[in-house]
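This is run35.txt (compact mmCIF, C-alpha atoms).
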```
# COMPACT_ATOMS: atom_id res chain seq x y z
CA MET A 251 21.91 -32.55 14.82
CA GLU A 252 20.07 -33.47 18.02
CA ALA A 253 16.36 -34.19 17.82
CA LYS A 254 14.06 -31.40 18.94
CA THR A 255 12.31 -31.83 22.26
CA HIS A 256 8.72 -32.86 21.57
CA THR A 257 7.27 -31.11 24.62
CA HIS A 258 3.88 -30.14 23.24
CA PRO A 259 2.40 -32.03 20.27
CA PHE A 260 -0.66 -29.78 20.02
CA LYS A 261 1.04 -26.42 19.63
CA LYS A 262 0.91 -23.99 16.73
CA LEU A 263 3.29 -21.11 16.04
CA SER A 264 2.52 -17.94 14.09
CA ILE A 265 5.17 -15.34 13.23
CA GLN A 266 4.50 -11.99 11.60
CA VAL A 267 7.39 -10.10 10.00
CA SER A 268 7.57 -6.58 8.59
CA LEU A 269 10.08 -3.77 8.23
CA ASP A 270 8.27 -1.98 11.08
CA GLY A 271 8.59 -4.84 13.56
CA LEU A 272 7.80 -8.47 14.22
CA SER A 273 5.65 -10.54 16.53
CA PHE A 274 4.82 -14.12 17.32
CA CYS A 275 2.45 -16.23 19.36
CA THR A 276 2.00 -19.89 20.14
CA ILE A 277 -1.33 -21.45 21.02
CA ASP A 278 -2.39 -24.67 22.66
CA THR A 279 -4.88 -26.18 20.22
CA ILE A 280 -6.42 -28.45 22.85
CA ALA A 281 -6.92 -25.90 25.64
CA ASN A 282 -7.51 -23.20 22.97
CA LYS A 283 -5.39 -20.59 24.68
CA VAL A 284 -2.32 -18.46 24.04
CA LEU A 285 0.83 -19.95 25.53
CA LEU A 286 3.46 -17.40 24.61
CA SER A 287 3.68 -14.15 22.65
CA ASP A 288 5.82 -11.09 22.09
CA HIS A 289 5.96 -8.04 19.85
CA VAL A 290 9.00 -6.00 18.80
CA ALA A 291 8.44 -2.57 17.23
CA PHE A 292 11.36 -1.02 15.33
CA LYS A 293 12.04 2.67 16.01
CA THR A 294 12.75 3.30 12.32
CA LYS A 295 11.89 1.37 9.19
CA SER A 296 14.28 -1.55 8.89
CA THR A 297 15.75 -3.62 6.05
CA PRO A 298 15.25 -7.32 5.21
CA TYR A 299 18.75 -8.04 6.51
CA LEU A 300 18.16 -6.36 9.88
CA LEU A 301 14.67 -7.89 10.08
CA LEU A 302 16.18 -11.35 9.85
CA LYS A 303 18.73 -10.46 12.52
CA GLU A 304 15.94 -9.37 14.88
CA LEU A 305 13.96 -12.52 14.11
CA LYS A 306 16.93 -14.72 14.98
CA THR A 307 17.26 -12.86 18.29
CA LEU A 308 13.57 -13.43 19.07
CA VAL A 309 13.74 -17.13 18.19
CA ALA A 310 16.80 -17.58 20.40
CA LYS A 311 15.30 -15.58 23.30
CA TYR A 312 12.22 -17.81 23.55
CA LYS A 313 13.97 -21.00 22.38
CA LEU A 314 11.29 -21.47 19.74
CA ILE A 315 13.48 -23.84 17.75
CA ASP A 316 13.59 -26.28 20.69
CA GLU A 317 9.88 -27.09 20.36
CA THR A 318 7.95 -29.22 17.91
CA TYR A 319 4.85 -27.65 16.37
CA GLU A 320 1.76 -29.06 14.79
CA GLU A 321 1.81 -26.11 12.40
CA VAL A 322 4.03 -23.09 11.71
CA MET A 323 2.66 -20.03 9.90
CA ALA A 324 4.63 -16.99 8.71
CA ILE A 325 2.80 -13.77 7.81
CA HIS A 326 4.69 -11.31 5.61
CA LYS A 327 3.67 -7.67 5.97
CA ASN A 328 4.95 -5.33 3.26
CA ASN A 329 3.69 -3.11 0.45
CA MET A 330 4.85 -5.47 -2.29
CA PHE A 331 1.45 -6.93 -3.09
CA CYS A 332 -1.55 -6.56 -5.33
CA LEU A 333 -5.08 -7.99 -5.33
CA VAL A 334 -6.10 -9.28 -8.75
CA PRO A 335 -9.63 -10.28 -9.86
CA GLU A 336 -9.56 -14.03 -10.45
CA ALA A 337 -11.09 -13.62 -13.92
CA LEU A 338 -8.07 -11.54 -14.96
CA PHE A 339 -5.43 -13.61 -13.19
CA ASP A 340 -2.68 -15.38 -15.13
CA LYS A 341 0.12 -17.00 -13.14
CA GLU A 342 2.51 -16.29 -16.00
CA GLU A 343 2.04 -12.54 -15.53
CA LEU A 344 2.92 -12.17 -11.84
CA PRO A 345 5.60 -9.44 -12.28
CA ASN A 346 3.24 -7.34 -14.39
CA TYR A 347 0.67 -7.17 -11.58
CA LEU A 348 3.23 -5.70 -9.21
CA LYS A 349 5.37 -3.44 -11.37
CA PHE A 350 2.99 -0.47 -11.16
CA ASN A 351 2.66 -0.65 -7.37
CA THR A 352 6.18 -1.36 -6.22
CA LYS A 353 9.77 -1.72 -7.34
CA ILE A 354 10.63 -5.36 -7.91
CA LEU A 355 14.03 -6.88 -8.62
CA ALA A 356 14.89 -9.59 -11.12
CA ASN A 357 15.68 -12.10 -8.35
CA ASP A 358 12.56 -11.39 -6.26
CA GLN A 359 10.37 -14.41 -5.59
CA ILE A 360 6.78 -13.62 -6.55
CA VAL A 361 4.02 -15.89 -5.24
CA HIS A 362 0.24 -15.87 -5.14
CA ASP A 363 -2.61 -17.05 -2.92
CA LYS A 364 -6.30 -17.41 -3.67
CA ILE A 365 -8.47 -15.38 -1.30
CA PRO A 366 -11.05 -17.81 0.12
CA ASN A 367 -14.70 -17.14 -0.82
CA GLN A 368 -13.70 -14.18 -2.96
CA ASP A 369 -12.99 -14.04 -6.69
CA MET A 370 -9.55 -12.53 -6.06
CA VAL A 371 -5.92 -13.55 -5.89
CA CYS A 372 -3.20 -11.93 -3.77
CA VAL A 373 0.10 -11.57 -5.66
CA TYR A 374 3.06 -10.63 -3.47
CA VAL A 375 6.79 -10.76 -2.74
CA PRO A 376 7.65 -12.49 0.57
CA PHE A 377 10.83 -11.89 2.56
CA THR A 378 12.82 -14.74 1.02
CA ASN A 379 15.61 -14.59 3.60
CA VAL A 380 13.04 -14.99 6.38
CA ASN A 381 11.42 -17.98 4.65
CA ASN A 382 14.79 -19.64 4.15
CA TYR A 383 15.64 -19.18 7.83
CA LEU A 384 12.29 -20.51 9.04
CA PHE A 385 12.67 -23.57 6.81
CA ASP A 386 16.09 -24.24 8.34
CA CYS A 387 14.53 -23.92 11.81
CA PHE A 388 11.23 -25.76 11.44
CA GLY A 389 11.19 -27.56 8.11
CA GLU A 390 8.02 -27.30 6.03
CA PHE A 391 5.75 -24.40 7.00
CA GLU A 392 3.01 -22.22 5.53
CA PHE A 393 3.27 -18.54 4.72
CA LYS A 394 0.96 -15.84 3.43
CA HIS A 395 0.78 -12.10 2.95
CA ASN A 396 -0.59 -9.89 5.70
CA SER A 397 -3.40 -8.68 3.44
CA LEU A 398 -4.74 -12.21 3.21
CA ALA A 399 -4.41 -12.62 6.98
CA ILE A 400 -6.34 -9.40 7.60
CA LEU A 401 -9.08 -10.31 5.14
CA GLN A 402 -9.51 -13.81 6.55
CA THR A 403 -10.00 -12.20 9.97
CA LEU A 404 -12.57 -9.74 8.63
CA PHE A 405 -14.54 -12.41 6.77
CA HIS A 406 -15.40 -13.86 10.19
CA GLN A 407 -17.19 -10.65 11.21
CA LYS A 408 -20.97 -10.61 10.93
CA SER A 409 -22.58 -7.54 9.42
CA ASN A 410 -25.35 -7.08 6.87
CA LYS A 411 -24.35 -3.48 6.26
CA THR A 412 -21.38 -1.76 4.66
CA VAL A 413 -18.50 -1.36 7.14
CA CYS A 414 -15.11 0.30 6.80
CA TYR A 415 -12.44 -1.54 8.77
CA VAL A 416 -8.99 -0.12 9.55
CA HIS A 417 -6.21 -2.24 11.02
CA VAL A 418 -3.82 0.20 12.72
CA GLY A 419 -0.10 -0.57 12.77
CA THR A 420 2.96 1.37 13.89
CA ARG A 421 3.40 3.24 10.62
CA THR A 422 0.93 1.53 8.32
CA MET A 423 -2.82 1.08 8.11
CA GLU A 424 -4.75 -1.61 6.26
CA LEU A 425 -8.12 -0.32 5.11
CA ALA A 426 -10.90 -2.64 3.97
CA VAL A 427 -14.51 -1.92 3.05
CA MET A 428 -16.86 -4.89 3.33
CA GLU A 429 -20.50 -5.23 2.32
CA GLN A 430 -22.22 -8.40 3.52
CA ARG A 431 -18.84 -10.20 3.60
CA LYS A 432 -18.02 -9.07 0.09
CA LEU A 433 -14.85 -7.03 -0.33
CA LEU A 434 -15.37 -3.63 -1.99
CA LEU A 435 -11.88 -2.23 -1.38
CA TYR A 436 -8.61 -3.14 0.29
CA ASN A 437 -5.40 -1.13 0.45
CA GLN A 438 -2.41 -0.42 2.65
CA PHE A 439 -1.15 3.09 3.43
CA GLU A 440 1.82 4.53 5.28
CA TYR A 441 1.08 7.45 7.59
CA LYS A 442 3.13 9.79 9.77
CA THR A 443 0.52 12.06 11.36
CA LYS A 444 -3.08 11.80 12.52
CA GLU A 445 -3.99 14.03 9.57
CA ASP A 446 -2.50 11.48 7.17
CA PHE A 447 -4.54 8.79 8.87
CA LEU A 448 -7.77 10.77 8.59
CA TYR A 449 -7.08 11.70 4.96
CA TYR A 450 -6.92 8.07 3.81
CA VAL A 451 -10.14 7.24 5.66
CA LEU A 452 -12.09 10.22 4.31
CA PHE A 453 -10.72 9.74 0.80
CA THR A 454 -11.97 6.15 0.84
CA TYR A 455 -15.42 7.27 1.96
CA GLU A 456 -15.50 9.86 -0.81
CA GLN A 457 -14.29 7.57 -3.58
CA LEU A 458 -16.78 4.81 -2.72
CA GLY A 459 -19.63 7.23 -2.07
CA LEU A 460 -20.00 6.06 1.53
CA SER A 461 -22.19 8.04 3.91
CA ALA A 462 -20.23 9.62 6.75
CA GLU A 463 -23.39 9.49 8.87
CA GLU A 464 -24.38 5.89 8.16
CA VAL A 465 -21.34 3.75 7.36
CA LYS A 466 -19.53 2.52 10.47
CA LEU A 467 -15.77 2.89 10.86
CA LYS A 468 -14.32 0.05 12.94
CA LEU A 469 -10.72 0.38 14.10
CA PHE A 470 -8.60 -2.45 15.46
CA GLY A 471 -4.98 -3.23 16.11
CA ALA A 472 -2.70 -0.70 17.83
CA ILE A 473 -5.41 1.80 18.78
CA GLU A 474 -7.56 2.81 21.76
CA GLU A 475 -10.48 5.21 22.13
CA ASP A 476 -8.36 7.79 23.93
CA ASP A 477 -5.65 8.15 21.29
CA GLN A 478 -5.34 10.88 18.69
CA TYR A 479 -6.26 8.73 15.68
CA PHE A 480 -9.58 7.70 17.15
CA LYS A 481 -10.40 11.25 18.28
CA ILE A 482 -9.73 12.89 14.91
CA CYS A 483 -11.81 10.27 13.10
CA TYR A 484 -14.65 10.79 15.58
CA ASP A 485 -14.66 14.52 14.73
CA TYR A 486 -15.67 13.68 11.16
CA LEU A 487 -17.33 10.27 11.37
CA LYS A 488 -19.65 9.77 14.31
CA LYS A 489 -20.07 6.00 13.95
CA VAL A 490 -16.53 5.18 15.00
CA SER A 491 -15.57 2.34 17.34
CA VAL A 492 -12.59 0.29 18.45
CA PHE A 493 -13.34 -3.40 18.31
CA VAL A 494 -11.77 -6.81 18.86
CA PRO A 495 -12.25 -9.00 15.76
CA LYS A 496 -14.09 -12.23 16.33
CA GLN A 497 -11.77 -15.19 15.78
CA SER A 498 -13.00 -18.45 14.32
CA ASN A 499 -10.69 -20.51 16.52
CA GLN A 500 -10.03 -18.47 19.64
CA SER A 501 -12.16 -17.63 22.65
CA LEU A 502 -11.70 -13.95 23.43
CA GLU A 503 -11.84 -14.65 27.17
CA GLU A 504 -8.61 -16.60 26.82
CA ILE A 505 -6.65 -13.78 25.22
CA GLY A 506 -4.88 -12.32 28.20
CA ASP A 507 -2.44 -10.01 26.43
CA ASN A 508 -3.92 -7.15 24.43
CA THR A 509 -0.58 -6.56 22.69
CA ILE A 510 -1.15 -9.68 20.56
CA ASP A 511 -1.86 -8.89 16.94
CA LEU A 512 -5.15 -10.71 16.45
CA THR A 513 -4.36 -11.42 12.81
CA LEU A 514 -1.82 -13.89 14.20
CA LEU A 515 -4.53 -15.69 16.12
CA GLY A 516 -6.97 -15.64 13.25
CA ASN A 517 -4.58 -17.57 11.06
CA LEU A 518 -3.83 -20.47 13.38
```

I need this file expressed as structure tokens, please.
Amino acid sequence: MEAKTHTHPFKKLSIQVSLDGLSFCTIDTIANKVLLSDHVAFKTKSTPYLLLKELKTLVAKYKLIDETYEEVMAIHKNNMFCLVPEALFDKEELPNYLKFNTKILANDQIVHDKIPNQDMVCVYVPFTNVNNYLFDCFGEFEFKHNSLAILQTLFHQKSNKTVCYVHVGTRTMELAVMEQRKLLLYNQFEYKTKEDFLYYVLFTYEQLGLSAEEVKLKLFGAIEEDDQYFKICYDYLKKVSVFVPKQSNQSLEEIGDNTIDLTLLGNL
């Protein structure tokens, strides 16, 4: 096998994969700017096999395998995860944490990651075929679940009050409630209509006893102020805004493409 072209020694690559689509970006760690990015949204929910096929197409299109990277990160977005209080966590019981939330198979790989600065552990099932392919392409790399990526992004936000954050995806929404950088709730929901979207938000407010007049709802991801999801939330919750999460390692002025999923940037 020919040696890879070492064209940029200070480059990092982040790839996010899900059954709804995939995306990637590379950043220059010296200039602190995005070099390359793309996002592919699937028209219908895919399968792990087809996801891998699409990923191979994306890698070939941008010749990602021809570069050498300082770091490669893969982010797995799926509903096969569970957050476990660290005091109750036992690494010998991983399947039992997931069996009530999702259907797991005997040959599924189950892994776990400690959530930094929180007494919680994320237990999840990654896309094993994707990990195997990325290892063949790039050698050793890091991977994590999307929930951990989202939470790490939100922990960089500064607020002394309770805030409800919603990361909006193509067919899924990640909802987190934070109070002074402490996590009160995190969950992922699938939605089809704007009414579904609103229901999950209002149900969260009700269950946690949050004030619809006082607690801010901050939306980020695939959403703008003029779309239907923002408008229906604004009808019921007046303190609604679309925001760009502050990144610990990325100047917002250097993000030229608003299609980039900022959870990718926040984990490089």

Just want the 12 Å neighbourhood of A:Asn382, counted on all atoms listed in the file, with same-chain residues fewer than 5 positions away dropped. Output as a list of chain:residue names. A:Leu302, A:Ala324, A:Gln359, A:Pro376, A:Phe377, A:Cys387, A:Phe388, A:Gly389, A:Glu390, A:Phe391, A:Phe393

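Here atom CA of A:Leu263 and atom CA of A:Tyr383 stand 15.0 Å from one another.
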
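Among A:Asp270, A:Thr378, A:Tyr484, A:Asp369, the residue with the shortest atom-to-atom distance to A:Asn357, counting all atoms listed in the file, is A:Thr378.
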
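Closest approach to A:Lys411 among A:Asp288, A:Asp358, A:Asp476, A:Glu464 is made by A:Glu464 (distances from all atoms listed in the file).
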
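When only C-alpha atoms are used to measure the gap to A:Leu469, the shortest distance among A:Lys327, A:His417, A:Lys489, A:Lys444 belongs to A:His417.
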
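For the choices A:Val267, A:Ile482, A:Leu338, A:Val451, the atom-to-atom distance to A:His395 is smallest for A:Val267 when using all atoms listed in the file.
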
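One finds atom CA of A:Leu487 at 5.5 Å from atom CA of A:Ala462.
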
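Counting all atoms listed in the file, the residue from A:Leu458, A:Ala356, A:Val380, A:Cys414 that sits nearest to A:Phe470 is A:Cys414.
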
Just want the 12 Å neighbourhood of A:Lys295, counted on all atoms listed in the file, with same-chain residues fewer than 5 positions away dropped. Output as JSON, numbers by chain. {"A": [268, 269, 270, 271, 272, 300, 301, 328, 420, 421, 422, 440]}

Of A:Phe493, A:Tyr319, A:Phe439, A:Phe453, the one nearest to A:Phe260 when counting all atoms listed in the file is A:Tyr319

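Rounded to one decimal, atom CA of A:Cys332 and atom CA of A:Asn351 lie 7.5 Å from each other.
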
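The residue set within 6 Å of A:Ser264, counting all atoms listed in the file and dropping same-chain residues fewer than 5 places from it, reads Phe274, Cys275, Val322, Met323, Ala324 and Leu514 of chain A.
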
Kindly assemble as JSON lines a list of the stretch 299-372 of chain A residues that lie within 12 Å of stretch 423-433 of chain A, each paired with its nearest atom pair and their distance in Å to one decimal, using only C-alpha atoms, sorted first by chain and then by ascending residue number.
```
{"residue": "A:Lys327", "atom": "CA", "partner": "A:Glu424", "partner_atom": "CA", "distance": 10.4}
{"residue": "A:Asn328", "atom": "CA", "partner": "A:Glu424", "partner_atom": "CA", "distance": 10.8}
{"residue": "A:Asn329", "atom": "CA", "partner": "A:Glu424", "partner_atom": "CA", "distance": 10.4}
{"residue": "A:Leu333", "atom": "CA", "partner": "A:Leu433", "partner_atom": "CA", "distance": 11.0}
{"residue": "A:Pro335", "atom": "CA", "partner": "A:Leu433", "partner_atom": "CA", "distance": 11.3}
{"residue": "A:Ile365", "atom": "CA", "partner": "A:Leu433", "partner_atom": "CA", "distance": 10.6}
{"residue": "A:Pro366", "atom": "CA", "partner": "A:Lys432", "partner_atom": "CA", "distance": 11.2}
{"residue": "A:Asn367", "atom": "CA", "partner": "A:Lys432", "partner_atom": "CA", "distance": 8.8}
{"residue": "A:Gln368", "atom": "CA", "partner": "A:Lys432", "partner_atom": "CA", "distance": 7.4}
{"residue": "A:Asp369", "atom": "CA", "partner": "A:Leu433", "partner_atom": "CA", "distance": 9.6}
{"residue": "A:Met370", "atom": "CA", "partner": "A:Leu433", "partner_atom": "CA", "distance": 9.5}
```
